[in-house]
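Visitor: Provided herewith: upload39.cif, mmCIF, C-alpha atoms.
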```cif
data_model
#
loop_
_atom_site.label_atom_id
_atom_site.label_comp_id
_atom_site.auth_asym_id
_atom_site.auth_seq_id
_atom_site.Cartn_x
_atom_site.Cartn_y
_atom_site.Cartn_z
CA MET A 1 -32.02 24.78 -31.90
CA ARG A 2 -33.92 25.47 -28.73
CA LYS A 3 -36.53 22.88 -29.53
CA VAL A 4 -33.87 20.24 -30.20
CA THR A 5 -32.19 20.92 -26.84
CA LEU A 6 -35.53 20.71 -25.06
CA LEU A 7 -36.38 17.47 -26.80
CA VAL A 8 -33.07 15.86 -25.87
CA ALA A 9 -33.42 16.96 -22.25
CA PHE A 10 -36.99 15.70 -22.04
CA LEU A 11 -36.08 12.27 -23.52
CA PHE A 12 -33.15 11.97 -21.12
CA VAL A 13 -35.24 12.72 -18.02
CA SER A 14 -38.14 10.49 -19.04
CA ALA A 15 -35.73 7.64 -19.80
CA PHE A 16 -34.36 8.00 -16.28
CA LEU A 17 -37.90 8.01 -14.84
CA LEU A 18 -38.97 4.88 -16.69
CA LEU A 19 -35.75 3.08 -15.87
CA ALA A 20 -36.24 3.86 -12.18
CA ALA A 21 -39.88 2.77 -12.29
CA THR A 22 -39.16 -0.58 -13.95
CA SER A 23 -36.42 -1.45 -11.48
CA MET A 24 -38.60 -0.99 -8.38
CA ARG A 25 -39.60 -3.85 -6.16
CA ASP A 26 -42.89 -5.70 -6.68
CA PHE A 27 -46.14 -3.86 -6.03
CA GLY A 28 -47.72 -4.99 -2.76
CA ALA A 29 -44.78 -6.22 -0.70
CA PRO A 30 -43.12 -3.47 1.33
CA ASN A 31 -39.59 -4.08 2.53
CA ASP A 32 -39.32 -2.70 6.08
CA ALA A 33 -42.64 -2.17 7.80
CA ALA A 34 -41.53 -2.37 11.44
CA MET A 35 -42.50 1.23 12.30
CA ASP A 36 -45.93 0.94 10.67
CA ASP A 37 -46.60 -2.38 12.38
CA TYR A 38 -45.92 -0.67 15.69
CA PHE A 39 -48.31 2.14 14.72
CA ILE A 40 -51.08 -0.30 13.74
CA ALA A 41 -50.65 -2.39 16.88
CA ASN A 42 -50.45 0.42 19.44
CA ALA A 43 -52.58 3.28 18.08
CA GLN A 44 -55.72 2.22 19.91
CA SER A 45 -54.10 1.92 23.33
CA GLU A 46 -51.85 4.97 23.22
CA VAL A 47 -53.79 7.54 21.21
CA ALA A 48 -57.30 6.07 21.87
CA ALA A 49 -58.40 6.62 18.27
CA ASN A 50 -59.82 4.13 15.80
CA ASN A 51 -58.36 5.84 12.76
CA VAL A 52 -54.66 5.00 12.55
CA VAL A 53 -53.99 7.52 9.74
CA THR A 54 -55.33 10.43 11.85
CA ALA A 55 -53.33 9.19 14.83
CA VAL A 56 -50.19 9.19 12.69
CA VAL A 57 -50.90 12.65 11.24
CA PHE A 58 -51.71 14.40 14.51
CA ASP A 59 -49.92 12.46 17.21
CA TYR A 60 -47.00 10.34 16.05
CA ARG A 61 -45.93 12.70 13.26
CA GLY A 62 -47.28 16.00 14.51
CA PHE A 63 -44.27 18.04 13.39
CA ASP A 64 -45.06 17.44 9.73
CA THR A 65 -48.59 18.74 10.30
CA LEU A 66 -47.17 21.81 12.02
CA GLY A 67 -44.96 22.52 9.00
CA GLU A 68 -47.89 22.05 6.64
CA ALA A 69 -50.09 24.43 8.63
CA THR A 70 -47.29 27.01 8.40
CA VAL A 71 -47.02 26.58 4.61
CA LEU A 72 -50.77 27.03 4.18
CA PHE A 73 -50.77 30.12 6.38
CA ALA A 74 -47.83 31.64 4.46
CA ALA A 75 -49.54 31.01 1.13
CA VAL A 76 -52.80 32.66 2.25
CA VAL A 77 -50.95 35.68 3.63
CA GLY A 78 -48.93 35.96 0.40
CA ILE A 79 -51.99 35.93 -1.83
CA LEU A 80 -53.88 38.38 0.36
CA SER A 81 -50.96 40.80 0.27
CA LEU A 82 -50.64 40.53 -3.52
CA PHE A 83 -54.23 41.59 -4.10
CA ARG A 84 -54.18 44.52 -1.73
CA LYS A 85 -56.03 47.63 -2.82
CA LEU A 86 -53.57 50.49 -3.08
CA ARG A 87 -54.37 54.11 -2.54
CA LYS A 88 -55.12 56.24 -5.55
CA GLU A 89 -51.72 57.86 -5.98
CA GLU A 90 -49.68 54.64 -5.87
CA ARG A 91 -49.60 52.09 -8.60
CA TRP A 92 -47.67 48.82 -8.72
CA GLY A 93 -45.03 50.11 -11.13
CA ASP A 94 -43.55 53.20 -9.56
CA GLU A 95 -42.45 52.68 -5.99
CA ARG A 96 -39.34 54.79 -5.62
CA MET B 1 -69.82 37.44 -16.22
CA ASN B 2 -68.95 36.91 -12.61
CA GLN B 3 -70.87 39.88 -11.33
CA GLN B 4 -74.38 38.55 -11.83
CA GLY B 5 -73.90 34.85 -11.23
CA MET B 6 -75.56 32.00 -13.03
CA SER B 7 -79.13 31.08 -14.04
CA VAL B 8 -82.22 30.56 -11.90
CA ILE B 9 -81.92 26.78 -11.80
CA VAL B 10 -78.37 26.90 -10.46
CA ARG B 11 -79.27 29.47 -7.83
CA THR B 12 -82.28 27.52 -6.57
CA VAL B 13 -80.38 24.25 -6.33
CA THR B 14 -77.52 26.04 -4.55
CA ARG B 15 -79.92 27.33 -1.92
CA PHE B 16 -80.99 23.75 -1.19
CA VAL B 17 -77.59 22.11 -1.35
CA TYR B 18 -75.47 24.68 0.51
CA GLY B 19 -76.68 23.74 4.00
CA LEU B 20 -76.32 20.01 3.32
CA VAL B 21 -72.73 20.38 2.16
CA LEU B 22 -71.89 22.51 5.21
CA VAL B 23 -73.32 19.90 7.59
CA PHE B 24 -71.52 17.08 5.78
CA GLY B 25 -68.23 18.97 6.00
CA PHE B 26 -68.63 19.53 9.74
CA TYR B 27 -69.48 15.82 10.16
CA VAL B 28 -66.29 14.80 8.37
CA ILE B 29 -64.22 17.14 10.58
CA MET B 30 -65.87 16.01 13.82
CA HIS B 31 -65.56 12.24 13.23
CA GLY B 32 -61.98 12.38 12.05
CA HIS B 33 -60.69 9.97 14.65
CA LEU B 34 -63.29 7.27 13.86
CA THR B 35 -63.94 7.27 10.11
CA PRO B 36 -61.81 8.35 7.15
CA GLY B 37 -61.51 12.10 7.11
CA GLY B 38 -60.21 14.64 9.56
CA GLY B 39 -59.33 18.29 9.58
CA PHE B 40 -57.90 18.76 6.08
CA GLN B 41 -60.52 16.77 4.22
CA GLY B 42 -63.49 18.32 6.05
CA GLY B 43 -62.04 21.79 5.62
CA ALA B 44 -61.77 21.25 1.88
CA VAL B 45 -65.43 20.12 1.72
CA VAL B 46 -66.67 23.26 3.54
CA ALA B 47 -64.43 25.48 1.37
CA SER B 48 -65.97 23.95 -1.74
CA ALA B 49 -69.41 24.92 -0.37
CA PHE B 50 -68.18 28.53 -0.13
CA ALA B 51 -66.81 28.37 -3.66
CA LEU B 52 -70.17 27.03 -4.91
CA LEU B 53 -71.92 29.99 -3.30
CA LEU B 54 -69.49 32.40 -4.93
CA VAL B 55 -69.83 30.90 -8.40
CA ALA B 56 -73.64 30.63 -8.31
CA PHE B 57 -74.40 34.09 -6.99
CA GLY B 58 -71.53 36.14 -8.37
CA ALA B 59 -69.37 38.59 -6.49
CA ALA B 60 -72.26 41.00 -5.90
CA GLY B 61 -74.46 38.44 -4.19
CA VAL B 62 -71.86 37.33 -1.70
CA LYS B 63 -70.77 40.78 -0.47
CA GLY B 64 -73.39 40.95 2.25
CA ARG B 65 -72.93 37.41 3.54
CA LEU B 66 -69.22 36.59 3.84
CA ASP B 67 -67.03 39.19 5.47
CA LYS B 68 -63.36 38.99 4.54
CA HIS B 69 -62.02 40.36 7.80
CA LEU B 70 -64.02 37.85 9.84
CA LEU B 71 -62.59 35.01 7.75
CA GLN B 72 -59.04 36.28 8.22
CA THR B 73 -59.50 36.51 11.98
CA LEU B 74 -60.92 32.98 12.12
CA GLU B 75 -57.95 31.66 10.20
CA GLU B 76 -55.51 33.23 12.62
CA ILE B 77 -57.48 31.82 15.55
CA GLY B 78 -57.28 28.36 13.99
CA ALA B 79 -53.51 28.53 13.50
CA LEU B 80 -52.90 29.79 17.04
CA ALA B 81 -55.24 27.16 18.51
CA PHE B 82 -53.32 24.38 16.76
CA LEU B 83 -50.04 25.70 18.13
CA GLY B 84 -51.51 26.13 21.60
CA LEU B 85 -52.79 22.54 21.63
CA ALA B 86 -49.33 21.35 20.65
CA PHE B 87 -47.91 23.21 23.62
CA ALA B 88 -50.51 21.82 26.03
CA GLY B 89 -48.54 18.76 27.01
CA VAL B 90 -45.12 20.38 27.08
CA GLY B 91 -44.42 19.05 30.55
CA THR B 92 -43.52 15.67 29.00
CA VAL B 93 -42.69 16.28 25.32
CA PHE B 94 -43.81 18.81 22.74
CA PHE B 95 -46.75 17.05 21.05
CA TYR B 96 -47.82 14.91 24.00
CA ASN B 97 -51.43 13.72 23.90
CA LEU B 98 -52.55 14.97 27.29
CA LEU B 99 -56.19 13.92 27.28
CA ALA B 100 -55.95 10.34 25.95
CA ASN B 101 -57.24 7.68 28.38
CA SER B 102 -57.64 10.31 31.06
CA GLY B 103 -61.38 10.37 31.80
CA SER B 104 -62.05 14.06 31.13
CA LEU B 105 -63.11 15.66 27.81
CA PHE B 106 -62.56 13.14 24.95
CA GLY B 107 -60.84 10.83 27.39
CA ALA B 108 -62.54 7.42 27.27
CA SER B 109 -60.52 4.33 26.45
CA VAL B 110 -61.01 2.28 23.32
CA ALA B 111 -61.67 -1.46 23.27
CA LEU B 112 -58.91 -3.13 21.30
CA GLY B 113 -59.61 -4.66 17.91
CA PRO B 114 -62.44 -3.76 15.54
CA ASN B 115 -65.31 -1.94 17.21
CA ALA B 116 -67.96 0.60 16.33
CA GLY B 117 -66.45 3.95 17.21
CA VAL B 118 -67.25 5.96 20.33
CA LEU B 119 -67.16 9.73 19.87
CA ASN B 120 -65.77 10.44 23.31
CA THR B 121 -62.33 9.01 22.58
CA GLY B 122 -59.23 10.47 21.04
CA GLY B 123 -57.68 12.89 23.48
CA LEU B 124 -56.31 15.98 21.78
CA VAL B 125 -56.92 14.63 18.26
CA PRO B 126 -60.55 15.91 17.78
CA LEU B 127 -59.57 19.35 19.09
CA MET B 128 -56.66 19.49 16.67
CA ASN B 129 -59.05 18.36 13.91
CA TRP B 130 -61.27 21.36 14.63
CA ALA B 131 -58.37 23.83 14.68
CA VAL B 132 -56.94 22.59 11.38
CA GLY B 133 -60.40 22.35 9.78
CA LEU B 134 -61.21 25.96 10.72
CA LYS B 135 -57.86 27.10 9.32
CA VAL B 136 -58.21 25.26 6.01
CA MET B 137 -61.80 26.26 5.30
CA THR B 138 -61.40 29.95 6.07
CA GLY B 139 -58.04 30.09 4.29
CA ILE B 140 -59.34 28.63 1.05
CA ALA B 141 -62.49 30.79 1.24
CA CYS B 142 -60.28 33.89 1.64
CA ILE B 143 -58.17 32.91 -1.38
CA VAL B 144 -61.21 32.31 -3.59
CA ILE B 145 -62.94 35.56 -2.60
CA VAL B 146 -59.82 37.70 -3.07
CA MET B 147 -58.94 36.17 -6.44
CA LEU B 148 -62.45 36.68 -7.80
CA VAL B 149 -63.24 40.13 -6.43
CA GLY B 150 -59.74 41.58 -6.66
CA ALA B 151 -59.23 40.70 -10.31
CA ARG B 152 -62.52 42.23 -11.35
CA LYS B 153 -61.96 45.57 -9.66
CA GLU B 154 -58.62 46.23 -11.30
CA GLU B 155 -59.95 45.66 -14.80
CA THR B 156 -62.55 48.39 -14.53
CA GLU B 157 -60.04 51.09 -13.61
CA MET C 1 -51.46 -13.43 -11.41
CA SER C 2 -49.12 -10.74 -10.21
CA VAL C 3 -48.81 -7.23 -11.55
CA GLY C 4 -45.08 -6.91 -10.99
CA ASN C 5 -44.15 -3.24 -10.87
CA PHE C 6 -46.58 -1.97 -13.53
CA PRO C 7 -48.39 0.55 -11.26
CA PHE C 8 -45.09 2.35 -10.59
CA VAL C 9 -44.62 2.77 -14.34
CA ILE C 10 -48.04 4.50 -14.50
CA ALA C 11 -46.92 7.04 -11.89
CA ALA C 12 -43.69 7.66 -13.81
CA LEU C 13 -45.72 8.19 -17.01
CA LEU C 14 -47.86 10.82 -15.23
CA VAL C 15 -44.71 12.69 -14.18
CA ALA C 16 -43.37 12.47 -17.75
CA PHE C 17 -46.61 13.89 -19.19
CA GLY C 18 -46.50 16.78 -16.75
CA LEU C 19 -42.90 17.45 -17.69
CA TYR C 20 -43.86 17.51 -21.39
CA ALA C 21 -46.58 20.08 -20.72
CA LEU C 22 -44.14 22.19 -18.71
CA LEU C 23 -41.39 22.20 -21.34
CA PHE C 24 -43.20 22.38 -24.67
CA LYS C 25 -46.19 24.66 -24.11
CA ARG C 26 -46.10 28.42 -24.33
CA ASN C 27 -49.20 29.48 -22.42
CA LEU C 28 -48.68 30.15 -18.71
CA ILE C 29 -51.87 28.37 -17.66
CA LYS C 30 -50.82 25.22 -19.52
CA MET C 31 -47.49 25.25 -17.69
CA VAL C 32 -49.32 25.49 -14.35
CA ILE C 33 -51.41 22.47 -15.39
CA GLY C 34 -48.16 20.64 -16.14
CA ILE C 35 -46.80 21.36 -12.68
CA SER C 36 -50.05 20.12 -11.18
CA LEU C 37 -49.75 16.89 -13.18
CA VAL C 38 -46.23 16.31 -11.83
CA GLU C 39 -47.50 16.75 -8.28
CA THR C 40 -50.36 14.32 -8.94
CA GLY C 41 -47.94 11.69 -10.21
CA VAL C 42 -45.73 12.03 -7.15
CA ASN C 43 -48.70 11.75 -4.76
CA LEU C 44 -49.92 8.64 -6.55
CA PHE C 45 -46.48 7.08 -6.24
CA LEU C 46 -46.36 7.84 -2.51
CA VAL C 47 -49.69 6.11 -1.88
CA MET C 48 -48.69 3.09 -3.97
CA VAL C 49 -45.52 2.52 -1.96
CA GLY C 50 -47.45 1.64 1.18
CA TYR C 51 -49.70 -1.07 -0.20
CA ARG C 52 -49.79 -4.61 1.13
CA SER C 53 -51.48 -7.14 -1.15
CA GLY C 54 -54.83 -8.22 0.26
CA GLY C 55 -54.76 -5.46 2.87
CA ALA C 56 -57.59 -3.28 4.11
CA ALA C 57 -57.79 0.38 5.12
CA PRO C 58 -56.04 1.04 8.47
CA ILE C 59 -59.20 2.02 10.33
CA TYR C 60 -60.50 -0.13 13.15
CA THR C 61 -64.12 0.96 12.74
CA TYR C 62 -64.52 -0.84 9.43
CA ALA C 63 -62.13 -3.75 9.83
CA THR C 64 -62.97 -7.40 10.33
CA ALA C 65 -60.98 -9.31 12.91
CA GLY C 66 -57.53 -10.59 12.06
CA GLU C 67 -57.06 -8.83 8.72
CA ARG C 68 -53.90 -7.29 7.37
CA MET C 69 -53.80 -3.51 7.07
CA VAL C 70 -51.89 -1.36 4.64
CA LEU C 71 -49.19 0.99 5.92
CA PRO C 72 -50.59 4.29 7.27
CA THR C 73 -47.49 6.51 7.12
CA PRO C 74 -47.33 7.12 3.33
CA GLN C 75 -50.99 8.16 3.42
CA ALA C 76 -50.22 10.72 6.12
CA LEU C 77 -47.33 12.14 4.07
CA THR C 78 -49.54 12.32 0.96
CA LEU C 79 -52.02 14.50 2.89
CA THR C 80 -49.26 17.00 3.59
CA SER C 81 -48.09 16.89 -0.01
CA ILE C 82 -51.56 17.58 -1.41
CA VAL C 83 -52.02 20.65 0.78
CA ILE C 84 -48.61 22.02 -0.20
CA GLY C 85 -49.50 21.45 -3.86
CA LEU C 86 -52.67 23.49 -3.34
CA ALA C 87 -50.68 26.38 -1.82
CA THR C 88 -48.15 26.35 -4.68
CA THR C 89 -50.82 26.27 -7.40
CA ALA C 90 -52.74 29.14 -5.79
CA LEU C 91 -49.63 31.33 -5.70
CA LEU C 92 -48.69 30.43 -9.30
CA LEU C 93 -52.14 31.36 -10.57
CA SER C 94 -52.03 34.70 -8.72
CA PHE C 95 -48.75 35.48 -10.43
CA ALA C 96 -50.30 34.52 -13.78
CA VAL C 97 -53.15 37.00 -13.13
CA PHE C 98 -50.60 39.75 -12.41
CA VAL C 99 -48.51 38.95 -15.49
CA HIS C 100 -51.59 39.16 -17.68
CA ARG C 101 -52.60 42.44 -16.11
CA HIS C 102 -49.15 43.97 -16.64
CA TYR C 103 -48.20 42.69 -20.11
CA GLY C 104 -51.57 42.02 -21.70
CA THR C 105 -50.57 38.53 -22.85
CA LEU C 106 -49.86 35.10 -21.35
CA ASP C 107 -47.26 33.99 -23.89
CA VAL C 108 -43.93 33.32 -22.19
CA ARG C 109 -41.92 34.37 -25.22
CA LYS C 110 -43.29 37.90 -25.12
CA ILE C 111 -42.67 38.68 -21.44
CA LYS C 112 -38.93 38.59 -21.53
CA GLU C 113 -38.14 42.25 -20.93
CA LEU C 114 -38.16 43.81 -17.48
CA ARG C 115 -40.35 46.81 -17.95
CA GLY C 116 -41.37 49.36 -15.39
#
```
Can you turn what I pasted into structure tokens?
Guide:
Amino acid sequence: MRKVTLLVAFLFVSAFLLLAATSMRDFGAPNDAAMDDYFIANAQSEVAANNVVTAVVFDYRGFDTLGEATVLFAAVVGILSLFRKLRKEERWGDER
Amino acid sequence: MNQQGMSVIVRTVTRFVYGLVLVFGFYVIMHGHLTPGGGFQGGAVVASAFALLLVAFGAAGVKGRLDKHLLQTLEEIGALAFLGLAFAGVGTVFFYNLLANSGSLFGASVALGPNAGVLNTGGLVPLMNWAVGLKVMTGIACIVIVMLVGARKEETE
Amino acid sequence: MSVGNFPFVIAALLVAFGLYALLFKRNLIKMVIGISLVETGVNLFLVMVGYRSGGAAPIYTYATAGERMVLPTPQALTLTSIVIGLATTALLLSFAVFVHRHYGTLDVRKIKELRG
């Protein structure tokens, strides 16, 4: 019974995925590229960098990089606090 | 298995290759505003050099070389430096590129169109590359060391 | 000859394979591999959205004059997504280590009870 439910759910979701993928636009012709054309045309004069992707990551869209640095920091702190060495009389099971 | 490391061939090749991978990672971080790369990519390359050292020499061979508290402090310095550089141009807007086209450190202007890159350009972008690269490489090294050494110690209790 | 929208179907197939591994496997490590496959499919789709046919990489050091460049913004967003996928996978694997240490097994059907 559980396997039948899982199978039906999986077929449903993958049908949706394939239907969405086959009704996309053509590969290689983006619809609205006005913002990216501005980035390509003005990155060398405003940011003074040759690499437009780095200019977008660190200057035009710096807030996303700030959020990503926070996520990485939170993950490292979480893992380091999970593997902490406890003192001899505590174990993980009985904190009362 | 992970206490004594791997065989003699792997250890000898690691001693040769470790310095080369470190230098290549720092090159990718430094030239992030000219060639493909940047802080995240270069940080991942240097972290993979640390992971190679850990796998080849085992947990016992790395204890004297990499100190976990130093790595944690470097990661915090990297995160705070990135935030401080974002606040540097707060007189105009929050992420303002203060040093671009200004003539001081990293302040030269770039000739428009395709050109061979000059290292002195970029403004705040190379400094942010270094902060993020330091954060990523020490963070991933911390994760790898804690997951290898911490798991082993609990099993022998 | 044009490819139509066949590359987008490949990305959707990757997501479907990852979903299969997540739903139908019982080992915890195989489920983590399934989640990683879903993230890989989504990253591939993001990079494919910003492609212009006949375009070059958006870097002025390697470009020839007067050439079209692909869009740089989806590549920047994919960078962020890859790093977040790394953080998620690291946390999931740490939890798998703890589950194995506490229950002795990695089978999801045997770890149903909340034990002290």
Visitor: At a cut-off of 12 Å, using all atoms listed in the file, what residues contact Gly5 (chain B)? Leave out same-chain residues fewer than 5 positions from it and give the result as a CSV table (one decimal) with C-alpha atoms, keeping the file's coordinate frame.
Guide:
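Contents of the output file around.csv:
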```
chain,number,residue,atom,x,y,z
B,10,VAL,CA,-78.4,26.9,-10.5
B,11,ARG,CA,-79.3,29.5,-7.8
B,14,THR,CA,-77.5,26.0,-4.6
B,52,LEU,CA,-70.2,27.0,-4.9
B,53,LEU,CA,-71.9,30.0,-3.3
B,54,LEU,CA,-69.5,32.4,-4.9
B,55,VAL,CA,-69.8,30.9,-8.4
B,56,ALA,CA,-73.6,30.6,-8.3
B,57,PHE,CA,-74.4,34.1,-7.0
B,58,GLY,CA,-71.5,36.1,-8.4
B,59,ALA,CA,-69.4,38.6,-6.5
B,60,ALA,CA,-72.3,41.0,-5.9
B,61,GLY,CA,-74.5,38.4,-4.2
B,62,VAL,CA,-71.9,37.3,-1.7
```
Visitor: Separation of CA of Val15 (chain C) and CA of Asn43 (chain C), in Å?
Guide: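 Distance between the two atoms: 10.3 Å.
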Visitor: Taking 3 positions as the minimum chain separation for residues in the same chain, which residues sit within 8 Å of region 27-29 of chain B when counting all atoms listed in the file? Answer as a list in words.
Guide: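 Residues near the query, excluding close chain neighbours: Val23, Phe24, Gly32, Pro36, Gly37, Gly38, Gly39, Phe40, Gln41, Gly42, Gly43, Asn129, Trp130 and Gly133 of chain B.
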Visitor: Once the PyMOL selection byres ((chain B and resi 136-149) around 9) has been applied to the shown file, what residues remain in the selection, as JSON, numbers by chain?
Guide: {"A": [69, 72, 73, 76, 79, 80, 83, 84], "B": [2, 39, 40, 41, 42, 43, 44, 45, 46, 47, 48, 50, 51, 54, 59, 68, 71, 72, 74, 75, 78, 131, 132, 133, 134, 135, 150, 151, 152, 153], "C": [90, 94, 97]}
Visitor: Any chance you could tabulate, as JSON lines, the residues of chain B at most 6 Å from chain A with each one's nearest atom pair and distance in Å to one decimal, using all atoms listed in the file, in chain and rising number order?
Guide:
```
{"residue": "B:His33", "atom": "CA", "partner": "A:Asn51", "partner_atom": "CA", "distance": 5.1}
{"residue": "B:Leu34", "atom": "CA", "partner": "A:Asn50", "partner_atom": "CA", "distance": 5.1}
{"residue": "B:Ala100", "atom": "CA", "partner": "A:Val47", "partner_atom": "CA", "distance": 5.9}
{"residue": "B:Ser109", "atom": "CA", "partner": "A:Ala48", "partner_atom": "CA", "distance": 5.9}
{"residue": "B:Val110", "atom": "CA", "partner": "A:Ala48", "partner_atom": "CA", "distance": 5.5}
{"residue": "B:Thr121", "atom": "CA", "partner": "A:Ala48", "partner_atom": "CA", "distance": 5.9}
{"residue": "B:Gly122", "atom": "CA", "partner": "A:Ala49", "partner_atom": "CA", "distance": 4.8}
```
Visitor: Pick the closest to chain C from B:Met128, B:Leu99, B:Thr35, B:Tyr18: which is it, counting all atoms listed in the file?
Guide: B:Thr35
Visitor: Tell me which of C:Gly55, C:Phe17, C:Ala65, C:Thr88 sits closest to Gly113 (chain B), counting all atoms listed in the file.
Guide: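 Under the stated criterion, the closest residue is C:Ala65.
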Visitor: For Ser23 (chain A), find every residue with an atom within 10 Å (counting only C-alpha atoms), except residues of its own chain fewer than 5 positions away, and show them as number ranges by chain.
Guide: A: 18; C: 5, 8-9
Visitor: Using only C-alpha atoms, find the residues of chain B whose closest atom to chain C is at most 6 Å away, then write them as an MDAnalysis selection string.
Guide: chainID B and resid 114:117
Visitor: Output the residue selection produced by the PyMOL selection byres ((chain C and resi 23) around 12) on the file above, formatted as a VMD selection string.
Guide: (chain A and resid 2 to 11 13) or (chain C and resid 16 to 22 24 to 28 30 to 35 108)
Visitor: For CA of Glu68 (chain A) and CA of Val118 (chain B), quote the distance in Å rounded to one decimal.
Guide: 28.7 Å
Visitor: Restricting the calculation to only C-alpha atoms, which member of C:Gly85, C:Ala11, C:Ile111, C:Val3 is positioned closest to Ala20 (chain A)?
Guide: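 For Ala20 (chain A), the nearest of the candidates is C:Ala11.
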Visitor: Name the residues in contact with Ser53 (chain C) at a cut-off of 8 Å, using only C-alpha atoms, excluding same-chain residues fewer than 5 positions from it; report them as an MDAnalysis selection string.
Guide: chainID A and resid 27:29
Visitor: Using C-alpha atoms, can you write the selected residues to a file as a tab-separated table (two decimals), keeping the file's coordinate frame?
Guide:
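Below you can see selection_26.tsv, which holds the result:
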```
chain	number	residue	atom	x	y	z
A	27	PHE	CA	-46.14	-3.86	-6.03
A	28	GLY	CA	-47.72	-4.99	-2.76
A	29	ALA	CA	-44.78	-6.22	-0.70
```
Visitor: Which of these residues is nearest to chain A, using only C-alpha atoms: C:Ala76, C:His102, C:Leu44, C:Arg68?
Guide: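 Under the stated criterion, the closest residue is C:Ala76.
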Visitor: So which one's closest to chain A, C:Thr78, C:Thr73, C:Thr105, C:Thr89? Using all atoms listed in the file, please.
Guide: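 Nearest candidate to chain A out of C:Thr78, C:Thr73, C:Thr105, C:Thr89: C:Thr73.
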Visitor: Using only C-alpha atoms, which of C:Ala96, C:Ala56, C:Leu37, C:Met48 sits nearest chain A?
Guide: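 Result for the nearest residue to chain A: C:Met48.
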Visitor: Specify the axis-aligned box that encloses all atoms of region 79-88 of chain C listed in the file after padding of 5 Å on each side, stating its centre and edge lengths in Å to one decimal as AutoDock Vina command-line options.
Guide:
```
--center_x -50.4 --center_y 20.4 --center_z -0.5 --size_x 14.6 --size_y 21.9 --size_z 18.3
```
